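Pasted below: upload.csv, CSV, C-alpha atoms.
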chain,number,residue,atom,x,y,z
A,1,MET,CA,16.8,-14.7,5.0
A,2,SER,CA,18.2,-14.5,1.5
A,3,LEU,CA,18.5,-11.3,-0.4
A,4,TYR,CA,16.4,-12.8,-3.3
A,5,LEU,CA,13.6,-13.8,-0.9
A,6,ILE,CA,13.7,-10.4,0.8
A,7,LEU,CA,13.2,-8.7,-2.6
A,8,LEU,CA,10.2,-10.9,-3.4
A,9,LEU,CA,8.5,-10.5,0.0
A,10,VAL,CA,8.9,-6.7,0.0
A,11,SER,CA,7.5,-6.5,-3.5
A,12,PHE,CA,4.6,-8.8,-2.8
A,13,GLY,CA,3.9,-7.5,0.7
A,14,SER,CA,3.6,-3.9,-0.4
A,15,CYS,CA,1.0,-4.9,-3.0
A,16,LEU,CA,-0.8,-7.3,-0.7
A,17,VAL,CA,-1.3,-4.5,1.9
A,18,LEU,CA,-2.6,-2.1,-0.7
A,19,SER,CA,-4.9,-4.8,-2.1
A,20,PHE,CA,-7.4,-4.1,0.6
A,21,ASP,CA,-8.0,-0.6,-0.6
A,22,LYS,CA,-11.8,-0.3,-0.9
A,23,LYS,CA,-11.7,1.1,-4.4
A,24,VAL,CA,-9.5,-1.7,-5.7
A,25,ALA,CA,-10.4,-4.6,-3.4
A,26,PHE,CA,-8.0,-6.9,-5.4
A,27,TYR,CA,-8.2,-9.5,-2.6
A,28,LYS,CA,-11.7,-10.3,-3.7
A,29,ASN,CA,-10.4,-11.5,-7.1
A,30,MET,CA,-8.1,-14.3,-5.9
A,31,ARG,CA,-10.5,-16.9,-7.5
A,32,PHE,CA,-9.6,-15.4,-10.9
A,33,PHE,CA,-5.9,-14.7,-10.3
A,34,ILE,CA,-4.9,-18.1,-8.8
A,35,PRO,CA,-5.9,-20.3,-11.8
A,36,ALA,CA,-4.5,-17.7,-14.2
A,37,VAL,CA,-1.1,-17.6,-12.5
A,38,PHE,CA,-0.8,-21.4,-12.3
A,39,MET,CA,-1.6,-21.8,-16.0
A,40,VAL,CA,1.3,-19.5,-17.0
A,41,ALA,CA,3.7,-20.4,-14.1
A,42,ILE,CA,3.8,-24.1,-14.9
A,43,PRO,CA,5.2,-23.8,-18.5
A,44,PHE,CA,7.5,-21.0,-17.4
A,45,LEU,CA,8.9,-23.2,-14.6
A,46,ILE,CA,9.5,-25.9,-17.1
A,47,TRP,CA,11.3,-23.4,-19.3
A,48,ASP,CA,13.3,-22.1,-16.3
A,49,GLN,CA,14.3,-25.6,-15.3
A,50,TYR,CA,15.4,-26.5,-18.8
A,51,PHE,CA,17.6,-23.4,-19.2
A,52,THR,CA,19.0,-23.8,-15.7
A,53,ILE,CA,20.0,-27.4,-16.4
A,54,HIS,CA,21.7,-26.4,-19.7
A,55,LYS,CA,23.4,-23.4,-17.9
A,56,ILE,CA,21.8,-20.7,-20.0
A,57,TRP,CA,21.3,-19.0,-16.7
A,58,GLY,CA,21.9,-19.9,-13.1
A,59,PHE,CA,21.9,-18.8,-9.5
A,60,ASN,CA,24.5,-17.7,-6.9
A,61,GLU,CA,23.9,-19.8,-3.8
A,62,ALA,CA,25.5,-17.2,-1.6
A,63,TYR,CA,22.3,-15.1,-2.0
A,64,LEU,CA,19.8,-18.0,-1.6
A,65,GLN,CA,18.1,-19.9,1.2
A,66,GLY,CA,19.5,-23.2,-0.1
A,67,ILE,CA,16.1,-24.8,-0.7
A,68,PHE,CA,15.8,-26.2,-4.2
A,69,LEU,CA,12.9,-27.7,-6.2
A,70,GLY,CA,14.7,-29.6,-9.0
A,71,SER,CA,17.4,-27.3,-10.2
A,72,LEU,CA,15.5,-24.2,-9.2
A,73,PRO,CA,15.9,-22.4,-5.9
A,74,LEU,CA,12.8,-21.8,-3.8
A,75,GLU,CA,13.1,-18.0,-4.5
A,76,GLU,CA,12.9,-18.6,-8.3
A,77,VAL,CA,9.8,-20.7,-8.0
A,78,LEU,CA,8.1,-18.0,-5.8
A,79,PHE,CA,9.0,-15.4,-8.4
A,80,PHE,CA,6.5,-16.8,-10.9
A,81,PHE,CA,3.7,-16.4,-8.3
A,82,LEU,CA,4.5,-13.3,-6.3
A,83,ILE,CA,5.7,-10.9,-9.1
A,84,PRO,CA,2.6,-11.6,-11.3
A,85,TYR,CA,0.4,-10.7,-8.2
A,86,CYS,CA,2.1,-7.3,-8.2
A,87,CYS,CA,1.5,-6.7,-11.9
A,88,VAL,CA,-2.1,-7.8,-11.9
A,89,PHE,CA,-2.7,-5.6,-8.8
A,90,ILE,CA,-1.3,-2.6,-10.7
A,91,TYR,CA,-3.6,-3.5,-13.6
A,92,GLU,CA,-6.6,-3.4,-11.2
A,93,VAL,CA,-5.5,-0.1,-9.7
A,94,LEU,CA,-5.4,1.5,-13.1
A,95,ILE,CA,-8.9,0.3,-13.8
A,96,ALA,CA,-10.2,1.6,-10.5
A,97,TYR,CA,-8.5,5.0,-10.5
A,98,PHE,CA,-8.2,5.7,-14.3
A,99,PRO,CA,-11.3,4.2,-15.8
A,100,ASN,CA,-11.6,6.7,-18.7
A,101,ILE,CA,-8.0,7.1,-19.8
A,102,SER,CA,-7.4,6.6,-23.5
A,103,LEU,CA,-4.6,4.1,-24.2
A,104,GLN,CA,-5.0,3.3,-27.8
A,105,ASN,CA,-2.1,5.5,-29.1
A,106,VAL,CA,0.3,4.4,-26.4
A,107,THR,CA,-0.6,0.7,-27.1
A,108,ARG,CA,-0.1,1.0,-30.8
A,109,LEU,CA,3.3,2.8,-30.4
A,110,PHE,CA,4.5,0.4,-27.8
A,111,SER,CA,3.4,-2.7,-29.7
A,112,LEU,CA,5.0,-1.5,-32.9
A,113,ALA,CA,8.3,-0.7,-31.2
A,114,PHE,CA,8.3,-3.9,-29.2
A,115,VAL,CA,7.6,-6.0,-32.3
A,116,LEU,CA,10.3,-4.3,-34.4
A,117,LEU,CA,12.9,-4.5,-31.7
A,118,GLY,CA,12.0,-8.1,-30.6
A,119,THR,CA,12.0,-9.3,-34.2
A,120,LEU,CA,15.3,-7.7,-34.9
A,121,LEU,CA,17.0,-9.2,-31.8
A,122,ALA,CA,15.5,-12.6,-32.5
A,123,VAL,CA,16.5,-12.7,-36.2
A,124,LEU,CA,20.0,-11.4,-35.7
A,125,ASN,CA,20.7,-13.8,-32.7
A,126,MET,CA,19.1,-17.1,-33.6
A,127,ASP,CA,21.9,-19.0,-32.0
A,128,ASN,CA,21.2,-17.3,-28.6
A,129,TRP,CA,18.6,-19.5,-27.0
A,130,TYR,CA,17.5,-16.8,-24.5
A,131,THR,CA,17.3,-14.0,-27.0
A,132,LEU,CA,15.5,-16.1,-29.6
A,133,SER,CA,13.0,-17.6,-27.2
A,134,ALA,CA,12.2,-14.6,-25.1
A,135,CYS,CA,12.0,-12.1,-27.9
A,136,GLY,CA,10.2,-14.5,-30.3
A,137,LEU,CA,7.5,-15.3,-27.7
A,138,ALA,CA,7.0,-11.7,-26.8
A,139,VAL,CA,6.5,-10.7,-30.5
A,140,LEU,CA,4.0,-13.5,-31.0
A,141,LEU,CA,2.0,-12.4,-28.0
A,142,VAL,CA,1.9,-8.8,-29.2
A,143,VAL,CA,0.7,-9.8,-32.7
A,144,PHE,CA,-1.9,-12.2,-31.2
A,145,SER,CA,-3.2,-9.6,-28.8
A,146,MET,CA,-3.3,-6.8,-31.4
A,147,ARG,CA,-5.1,-8.9,-34.0
A,148,GLY,CA,-7.6,-10.1,-31.4
A,149,LYS,CA,-8.3,-6.5,-30.4
A,150,TYR,CA,-8.7,-7.6,-26.8
A,151,ILE,CA,-10.2,-5.0,-24.5
A,152,TRP,CA,-7.8,-5.8,-21.7
A,153,TYR,CA,-4.7,-5.5,-23.8
A,154,PRO,CA,-4.2,-1.6,-23.6
A,155,ARG,CA,-4.5,-1.6,-19.8
A,156,ALA,CA,-2.2,-4.6,-19.6
A,157,ILE,CA,0.4,-2.6,-21.6
A,158,PHE,CA,-0.2,0.4,-19.2
A,159,ALA,CA,0.3,-1.9,-16.2
A,160,PHE,CA,3.4,-3.4,-17.7
A,161,LEU,CA,4.9,0.1,-18.3
A,162,ILE,CA,4.1,1.2,-14.8
A,163,ALA,CA,5.6,-2.1,-13.4
A,164,MET,CA,8.8,-1.4,-15.3
A,165,LEU,CA,10.1,0.9,-12.6
A,166,PRO,CA,10.0,-1.6,-9.7
A,167,PHE,CA,11.0,-4.3,-12.3
A,168,LEU,CA,14.2,-2.3,-13.0
A,169,ILE,CA,15.0,-2.0,-9.3
A,170,VAL,CA,14.3,-5.6,-8.4
A,171,ASN,CA,15.9,-7.1,-11.5
A,172,GLY,CA,18.8,-4.7,-11.1
A,173,VAL,CA,19.6,-6.1,-7.7
A,174,LEU,CA,19.1,-9.7,-8.9
A,175,THR,CA,21.6,-9.2,-11.8
A,176,GLY,CA,24.3,-7.6,-9.8
A,177,ALA,CA,23.8,-3.8,-9.9
A,178,VAL,CA,24.4,-3.5,-6.2
A,179,THR,CA,26.0,-6.8,-5.2
A,180,GLN,CA,29.6,-8.1,-5.6
A,181,ALA,CA,28.3,-10.9,-7.8
A,182,PRO,CA,24.9,-11.3,-9.5
A,183,ILE,CA,22.2,-13.4,-7.8
A,184,VAL,CA,21.0,-14.5,-11.2
A,185,TRP,CA,23.7,-14.9,-13.8
A,186,TYR,CA,23.4,-15.4,-17.6
A,187,ASN,CA,25.5,-17.4,-20.1
A,188,GLU,CA,27.0,-14.7,-22.4
A,189,ALA,CA,26.7,-17.1,-25.3
A,190,HIS,CA,22.9,-17.0,-25.2
A,191,ILE,CA,22.2,-13.3,-24.7
A,192,VAL,CA,22.8,-10.4,-27.1
A,193,GLY,CA,24.9,-8.5,-24.5
A,194,LEU,CA,22.7,-5.3,-24.4
A,195,ARG,CA,22.0,-4.4,-20.8
A,196,ILE,CA,19.9,-1.9,-18.9
A,197,VAL,CA,22.6,-1.2,-16.3
A,198,SER,CA,23.1,-4.9,-15.3
A,199,ILE,CA,19.8,-6.3,-16.7
A,200,PRO,CA,19.9,-8.2,-20.0
A,201,VAL,CA,17.5,-6.7,-22.4
A,202,GLU,CA,16.0,-10.1,-22.9
A,203,ASP,CA,14.6,-9.9,-19.4
A,204,VAL,CA,12.2,-7.2,-20.5
A,205,PHE,CA,10.8,-9.5,-23.2
A,206,TYR,CA,10.8,-12.5,-20.9
A,207,ASN,CA,8.8,-10.7,-18.2
A,208,PHE,CA,6.4,-9.3,-20.8
A,209,SER,CA,5.8,-12.9,-22.1
A,210,MET,CA,5.0,-14.0,-18.5
A,211,LEU,CA,2.8,-11.1,-17.4
A,212,ILE,CA,0.6,-10.4,-20.4
A,213,PRO,CA,-0.9,-13.9,-20.7
A,214,ILE,CA,-1.6,-13.9,-16.9
A,215,ILE,CA,-3.5,-10.6,-17.2
A,216,GLY,CA,-5.4,-11.9,-20.3
A,217,ILE,CA,-6.4,-15.2,-18.6
A,218,TYR,CA,-7.3,-13.3,-15.4
A,219,HIS,CA,-9.5,-11.0,-17.3
A,220,TYR,CA,-11.2,-13.9,-19.1
A,221,PHE,CA,-12.1,-15.6,-15.8
A,222,LYS,CA,-13.2,-12.4,-14.1
A,223,ALA,CA,-15.3,-11.2,-17.1
A,224,ARG,CA,-17.0,-14.6,-17.5
A,225,HIS,CA,-17.9,-14.7,-13.9
A,226,HIS,CA,-19.5,-11.2,-14.1
A,227,GLY,CA,-21.2,-11.9,-17.4
A,228,ALA,CA,-19.1,-9.2,-19.1
A,229,ALA,CA,-17.3,-9.3,-22.5
A,230,VAL,CA,-14.4,-11.8,-22.3
A,231,LYS,CA,-12.7,-10.4,-25.3

Any chance you could put this one into structure tokens?
Amino acid sequence: MSLYLILLLVSFGSCLVLSFDKKVAFYKNMRFFIPAVFMVAIPFLIWDQYFTIHKIWGFNEAYLQGIFLGSLPLEEVLFFFLIPYCCVFIYEVLIAYFPNISLQNVTRLFSLAFVLLGTLLAVLNMDNWYTLSACGLAVLLVVFSMRGKYIWYPRAIFAFLIAMLPFLIVNGVLTGAVTQAPIVWYNEAHIVGLRIVSIPVEDVFYNFSMLIPIIGIYHYFKARHHGAAVK
């Protein structure tokens, strides 16, 4: 089994087992999660395929199963379904165990810092496709969410921040922190060059851009089903 696949299955499996916790019972919400993840995964897979074809990033076959869908390895395709499961699970855990925690100040501070840094990186590196696209999209999502004053957004930020720890571990392995060569490599001409150990800073914005819409759509489907406020 490939190292990339092992990372995905360990991450997903740990959250899947915990999903049956009676207080969280996340397994009951698959009818809301599945359409949400597909709605976001499909455009991200198209984005991924395009960047792979144009060698903005790529994959080291020595660490893969060798099964490809187009230009994307099976592991990369599964990434867009299994990792969001983990993040939405964390989102539900926070709702179940910390229902009364105030997140407004944290949300405002994070959003302001994220917008300022993302805008700066995008504007100063407009020739870098990954930097521009990942940072630009993340900034737009923050502005959209803050202006909409969505009730799910503060907890989505909290979940994203909690998920950063396992993200740094998994992405660190993928980008070569503990292997002789990275499993996922990046074209230096299309990233700014700032790294968290081995992780390009753009990956933080990229993952934010993937996970936040999934949580928003998931909340919409779940709230509509239960007759609660969708906004």

Would you list the contacts of Ser198 (chain A) as a list in words, taking every protein, DNA or RNA residue within 12 Å and counting all atoms listed in the file, but skipping same-chain residues closer than 4 positions in sequence?
Leu168, Ile169, Val170, Asn171, Gly172, Val173, Leu174, Thr175, Gly176, Ala177, Val178, Thr179, Ala181, Pro182, Ile183, Val184, Trp185, Tyr186, Gly193, Leu194, Glu202 and Asp203 of chain A

What separation in Å, quoted to one decimal, exists between CA of Phe12 (chain A) and CA of Tyr85 (chain A)?
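One can read the CA of Phe12 (chain A) to CA of Tyr85 (chain A) distance as 7.1 Å.
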
Enumerate, as a ChimeraX atom specification, the protein, DNA and RNA residues whose atoms approach (-6.8, -3.3, -13.1) to within 10 Å, taking into account all atoms listed in the file and the coordinate frame of the file.
/A:24,26,87-99,152,155-156,158-159,215,219

Determine, counting all atoms listed in the file, every residue of protein, DNA or RNA that lies within 12 Å of (-0.7, -7.2, -1.2) in the file coordinates, then give the result as a list of chain:residue names.
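Those residues lying close to the given coordinates are A:Leu8, A:Leu9, A:Val10, A:Ser11, A:Phe12, A:Gly13, A:Ser14, A:Cys15, A:Leu16, A:Val17, A:Leu18, A:Ser19, A:Phe20, A:Asp21, A:Val24, A:Ala25, A:Phe26, A:Tyr27, A:Lys28, A:Met30, A:Leu82, A:Ile83, A:Pro84, A:Tyr85, A:Cys86, A:Cys87, A:Val88, A:Phe89, A:Ile90.
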
Hey, can you check how far CA of Met39 (chain A) sits from CA of Asn207 (chain A)?
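Going from CA of Met39 (chain A) over to CA of Asn207 (chain A) covers 15.4 Å.
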
Between A:Pro213, A:Thr131, A:Met126, A:Glu188, which is the closest to Phe144 (chain A) once you count only C-alpha atoms?
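Checking each of A:Pro213, A:Thr131, A:Met126, A:Glu188 against Phe144 (chain A), counting only C-alpha atoms, the winner is A:Pro213.
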
Tell me which of A:Ile53, A:Phe110, A:Tyr153, A:Leu78 sits closest to Leu211 (chain A), counting all atoms listed in the file.
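Checking each candidate against Leu211 (chain A), we get A:Tyr153 as the closest.
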
Residues within 7 Å of Thr52 (chain A), only C-alpha atoms, excluding chain neighbours under 5 positions, as a ChimeraX atom specification
/A:57-58,71

Put those residues in a file: C-alpha atoms, as a PDB file, keeping the file's coordinate frame.
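Written output follows (out_5.pdb):
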ATOM      1  CA  TRP A  57      21.300 -19.000 -16.700  1.00  0.00           C
ATOM      2  CA  GLY A  58      21.900 -19.900 -13.100  1.00  0.00           C
ATOM      3  CA  SER A  71      17.400 -27.300 -10.200  1.00  0.00           C
TER       4      SER A  71
END

Interatomic distance, CA of Ile217 (chain A) to CA of Val40 (chain A) (Å, one decimal):
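For CA of Ile217 (chain A) relative to CA of Val40 (chain A), the distance reads 9.0 Å.
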
So that I can see what lies close to Ser145 (chain A), please list as a list of chain:residue names the residues with an atom at most 12 Å from it, counting all atoms listed in the file and leaving out residues fewer than 6 positions away in the same chain.
A:Thr107, A:Arg108, A:Ser111, A:Val115, A:Ala138, A:Val139, A:Ile151, A:Trp152, A:Tyr153, A:Pro154, A:Ala156, A:Ile157, A:Ser209, A:Ile212, A:Pro213, A:Ile215, A:Gly216, A:Lys231

Which is closer to Asn60 (chain A) than all the others in A:Gln180, A:Ala163, A:Pro43, A:Gln104, using only C-alpha atoms?
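Ranked by minimum distance to Asn60 (chain A), first place goes to A:Gln180.
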
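Closest approach to Tyr218 (chain A) from the set A:Tyr206, A:Phe32, A:Tyr50, A:Tyr150 is made by A:Phe32, with distances taken over all atoms listed in the file.
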
Name the closest residue to Glu75 (chain A) among the candidates A:Arg31, A:Ala134, A:Leu141, A:Glu61; distances are taken between atoms, counting only C-alpha atoms.
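Nearest candidate to Glu75 (chain A) out of A:Arg31, A:Ala134, A:Leu141, A:Glu61: A:Glu61.
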
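Closest to Trp129 (chain A) among A:Lys23, A:Arg147, A:His225, A:His190 is A:His190, based on all atoms listed in the file.
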
Rebuild region 66-101 of chain A to N, CA and C atoms - output it as a PDB file, in the frame of the given file, please.
ATOM      1  N   GLY A  66      18.927 -21.819   0.002  1.00  0.00           N
ATOM      2  CA  GLY A  66      19.500 -23.200  -0.100  1.00  0.00           C
ATOM      3  C   GLY A  66      18.465 -24.252  -0.260  1.00  0.00           C
ATOM      4  N   ILE A  67      17.207 -23.875  -0.464  1.00  0.00           N
ATOM      5  CA  ILE A  67      16.100 -24.800  -0.700  1.00  0.00           C
ATOM      6  C   ILE A  67      15.873 -24.889  -2.210  1.00  0.00           C
ATOM      7  N   PHE A  68      15.927 -26.103  -2.782  1.00  0.00           N
ATOM      8  CA  PHE A  68      15.800 -26.200  -4.200  1.00  0.00           C
ATOM      9  C   PHE A  68      14.630 -27.179  -4.571  1.00  0.00           C
ATOM     10  N   LEU A  69      13.930 -26.861  -5.650  1.00  0.00           N
ATOM     11  CA  LEU A  69      12.900 -27.700  -6.200  1.00  0.00           C
ATOM     12  C   LEU A  69      13.456 -28.107  -7.620  1.00  0.00           C
ATOM     13  N   GLY A  70      14.007 -29.297  -7.752  1.00  0.00           N
ATOM     14  CA  GLY A  70      14.700 -29.600  -9.000  1.00  0.00           C
ATOM     15  C   GLY A  70      16.014 -28.832  -8.988  1.00  0.00           C
ATOM     16  N   SER A  71      16.237 -28.129 -10.083  1.00  0.00           N
ATOM     17  CA  SER A  71      17.400 -27.300 -10.200  1.00  0.00           C
ATOM     18  C   SER A  71      17.130 -25.828  -9.815  1.00  0.00           C
ATOM     19  N   LEU A  72      15.878 -25.539  -9.459  1.00  0.00           N
ATOM     20  CA  LEU A  72      15.500 -24.200  -9.200  1.00  0.00           C
ATOM     21  C   LEU A  72      15.432 -23.871  -7.696  1.00  0.00           C
ATOM     22  N   PRO A  73      16.022 -22.758  -7.279  1.00  0.00           N
ATOM     23  CA  PRO A  73      15.900 -22.400  -5.900  1.00  0.00           C
ATOM     24  C   PRO A  73      14.473 -21.971  -5.545  1.00  0.00           C
ATOM     25  N   LEU A  74      14.109 -22.100  -4.286  1.00  0.00           N
ATOM     26  CA  LEU A  74      12.800 -21.800  -3.800  1.00  0.00           C
ATOM     27  C   LEU A  74      12.383 -20.346  -4.264  1.00  0.00           C
ATOM     28  N   GLU A  75      13.327 -19.409  -4.157  1.00  0.00           N
ATOM     29  CA  GLU A  75      13.100 -18.000  -4.500  1.00  0.00           C
ATOM     30  C   GLU A  75      12.628 -17.891  -5.971  1.00  0.00           C
ATOM     31  N   GLU A  76      13.275 -18.638  -6.846  1.00  0.00           N
ATOM     32  CA  GLU A  76      12.900 -18.600  -8.300  1.00  0.00           C
ATOM     33  C   GLU A  76      11.537 -19.091  -8.539  1.00  0.00           C
ATOM     34  N   VAL A  77      11.152 -20.138  -7.837  1.00  0.00           N
ATOM     35  CA  VAL A  77       9.800 -20.700  -8.000  1.00  0.00           C
ATOM     36  C   VAL A  77       8.764 -19.663  -7.511  1.00  0.00           C
ATOM     37  N   LEU A  78       9.030 -19.044  -6.362  1.00  0.00           N
ATOM     38  CA  LEU A  78       8.100 -18.000  -5.800  1.00  0.00           C
ATOM     39  C   LEU A  78       7.973 -16.839  -6.737  1.00  0.00           C
ATOM     40  N   PHE A  79       9.040 -16.525  -7.461  1.00  0.00           N
ATOM     41  CA  PHE A  79       9.000 -15.400  -8.400  1.00  0.00           C
ATOM     42  C   PHE A  79       7.851 -15.454  -9.336  1.00  0.00           C
ATOM     43  N   PHE A  80       7.529 -16.635  -9.837  1.00  0.00           N
ATOM     44  CA  PHE A  80       6.500 -16.800 -10.900  1.00  0.00           C
ATOM     45  C   PHE A  80       5.076 -16.660 -10.290  1.00  0.00           C
ATOM     46  N   PHE A  81       4.968 -16.547  -8.964  1.00  0.00           N
ATOM     47  CA  PHE A  81       3.700 -16.400  -8.300  1.00  0.00           C
ATOM     48  C   PHE A  81       3.528 -14.994  -7.672  1.00  0.00           C
ATOM     49  N   LEU A  82       4.593 -14.518  -7.066  1.00  0.00           N
ATOM     50  CA  LEU A  82       4.500 -13.300  -6.300  1.00  0.00           C
ATOM     51  C   LEU A  82       4.627 -12.040  -7.204  1.00  0.00           C
ATOM     52  N   ILE A  83       5.534 -12.057  -8.175  1.00  0.00           N
ATOM     53  CA  ILE A  83       5.700 -10.900  -9.100  1.00  0.00           C
ATOM     54  C   ILE A  83       4.449 -10.710  -9.952  1.00  0.00           C
ATOM     55  N   PRO A  84       3.866 -11.763 -10.527  1.00  0.00           N
ATOM     56  CA  PRO A  84       2.600 -11.600 -11.300  1.00  0.00           C
ATOM     57  C   PRO A  84       1.491 -10.969 -10.422  1.00  0.00           C
ATOM     58  N   TYR A  85       1.446 -11.329  -9.134  1.00  0.00           N
ATOM     59  CA  TYR A  85       0.400 -10.700  -8.200  1.00  0.00           C
ATOM     60  C   TYR A  85       0.577  -9.218  -8.257  1.00  0.00           C
ATOM     61  N   CYS A  86       1.810  -8.747  -8.175  1.00  0.00           N
ATOM     62  CA  CYS A  86       2.100  -7.300  -8.200  1.00  0.00           C
ATOM     63  C   CYS A  86       1.601  -6.648  -9.452  1.00  0.00           C
ATOM     64  N   CYS A  87       1.878  -7.284 -10.572  1.00  0.00           N
ATOM     65  CA  CYS A  87       1.500  -6.700 -11.900  1.00  0.00           C
ATOM     66  C   CYS A  87       0.014  -6.682 -12.076  1.00  0.00           C
ATOM     67  N   VAL A  88      -0.670  -7.752 -11.726  1.00  0.00           N
ATOM     68  CA  VAL A  88      -2.100  -7.800 -11.900  1.00  0.00           C
ATOM     69  C   VAL A  88      -2.781  -6.797 -10.923  1.00  0.00           C
ATOM     70  N   PHE A  89      -2.185  -6.636  -9.748  1.00  0.00           N
ATOM     71  CA  PHE A  89      -2.700  -5.600  -8.800  1.00  0.00           C
ATOM     72  C   PHE A  89      -2.578  -4.229  -9.435  1.00  0.00           C
ATOM     73  N   ILE A  90      -1.454  -3.918 -10.066  1.00  0.00           N
ATOM     74  CA  ILE A  90      -1.300  -2.600 -10.700  1.00  0.00           C
ATOM     75  C   ILE A  90      -2.347  -2.471 -11.836  1.00  0.00           C
ATOM     76  N   TYR A  91      -2.600  -3.538 -12.572  1.00  0.00           N
ATOM     77  CA  TYR A  91      -3.600  -3.500 -13.600  1.00  0.00           C
ATOM     78  C   TYR A  91      -4.988  -3.160 -13.034  1.00  0.00           C
ATOM     79  N   GLU A  92      -5.335  -3.715 -11.882  1.00  0.00           N
ATOM     80  CA  GLU A  92      -6.600  -3.400 -11.200  1.00  0.00           C
ATOM     81  C   GLU A  92      -6.649  -1.994 -10.685  1.00  0.00           C
ATOM     82  N   VAL A  93      -5.521  -1.515 -10.176  1.00  0.00           N
ATOM     83  CA  VAL A  93      -5.500  -0.100  -9.700  1.00  0.00           C
ATOM     84  C   VAL A  93      -5.732   0.847 -10.809  1.00  0.00           C
ATOM     85  N   LEU A  94      -5.161   0.583 -11.968  1.00  0.00           N
ATOM     86  CA  LEU A  94      -5.400   1.500 -13.100  1.00  0.00           C
ATOM     87  C   LEU A  94      -6.830   1.479 -13.558  1.00  0.00           C
ATOM     88  N   ILE A  95      -7.480   0.326 -13.493  1.00  0.00           N
ATOM     89  CA  ILE A  95      -8.900   0.300 -13.800  1.00  0.00           C
ATOM     90  C   ILE A  95      -9.735   1.053 -12.841  1.00  0.00           C
ATOM     91  N   ALA A  96      -9.386   0.917 -11.543  1.00  0.00           N
ATOM     92  CA  ALA A  96     -10.200   1.600 -10.500  1.00  0.00           C
ATOM     93  C   ALA A  96      -9.990   3.078 -10.482  1.00  0.00           C
ATOM     94  N   TYR A  97      -8.765   3.545 -10.702  1.00  0.00           N
ATOM     95  CA  TYR A  97      -8.500   5.000 -10.500  1.00  0.00           C
ATOM     96  C   TYR A  97      -8.403   5.748 -11.858  1.00  0.00           C
ATOM     97  N   PHE A  98      -8.235   5.054 -12.976  1.00  0.00           N
ATOM     98  CA  PHE A  98      -8.200   5.700 -14.300  1.00  0.00           C
ATOM     99  C   PHE A  98      -9.086   5.018 -15.279  1.00  0.00           C
ATOM    100  N   PRO A  99     -10.383   4.961 -14.985  1.00  0.00           N
ATOM    101  CA  PRO A  99     -11.300   4.200 -15.800  1.00  0.00           C
ATOM    102  C   PRO A  99     -11.518   4.740 -17.233  1.00  0.00           C
ATOM    103  N   ASN A 100     -11.294   6.028 -17.402  1.00  0.00           N
ATOM    104  CA  ASN A 100     -11.600   6.700 -18.700  1.00  0.00           C
ATOM    105  C   ASN A 100     -10.417   7.087 -19.499  1.00  0.00           C
ATOM    106  N   ILE A 101      -9.236   6.729 -19.065  1.00  0.00           N
ATOM    107  CA  ILE A 101      -8.000   7.100 -19.800  1.00  0.00           C
ATOM    108  C   ILE A 101      -7.932   6.426 -21.119  1.00  0.00           C
TER     109      ILE A 101
END
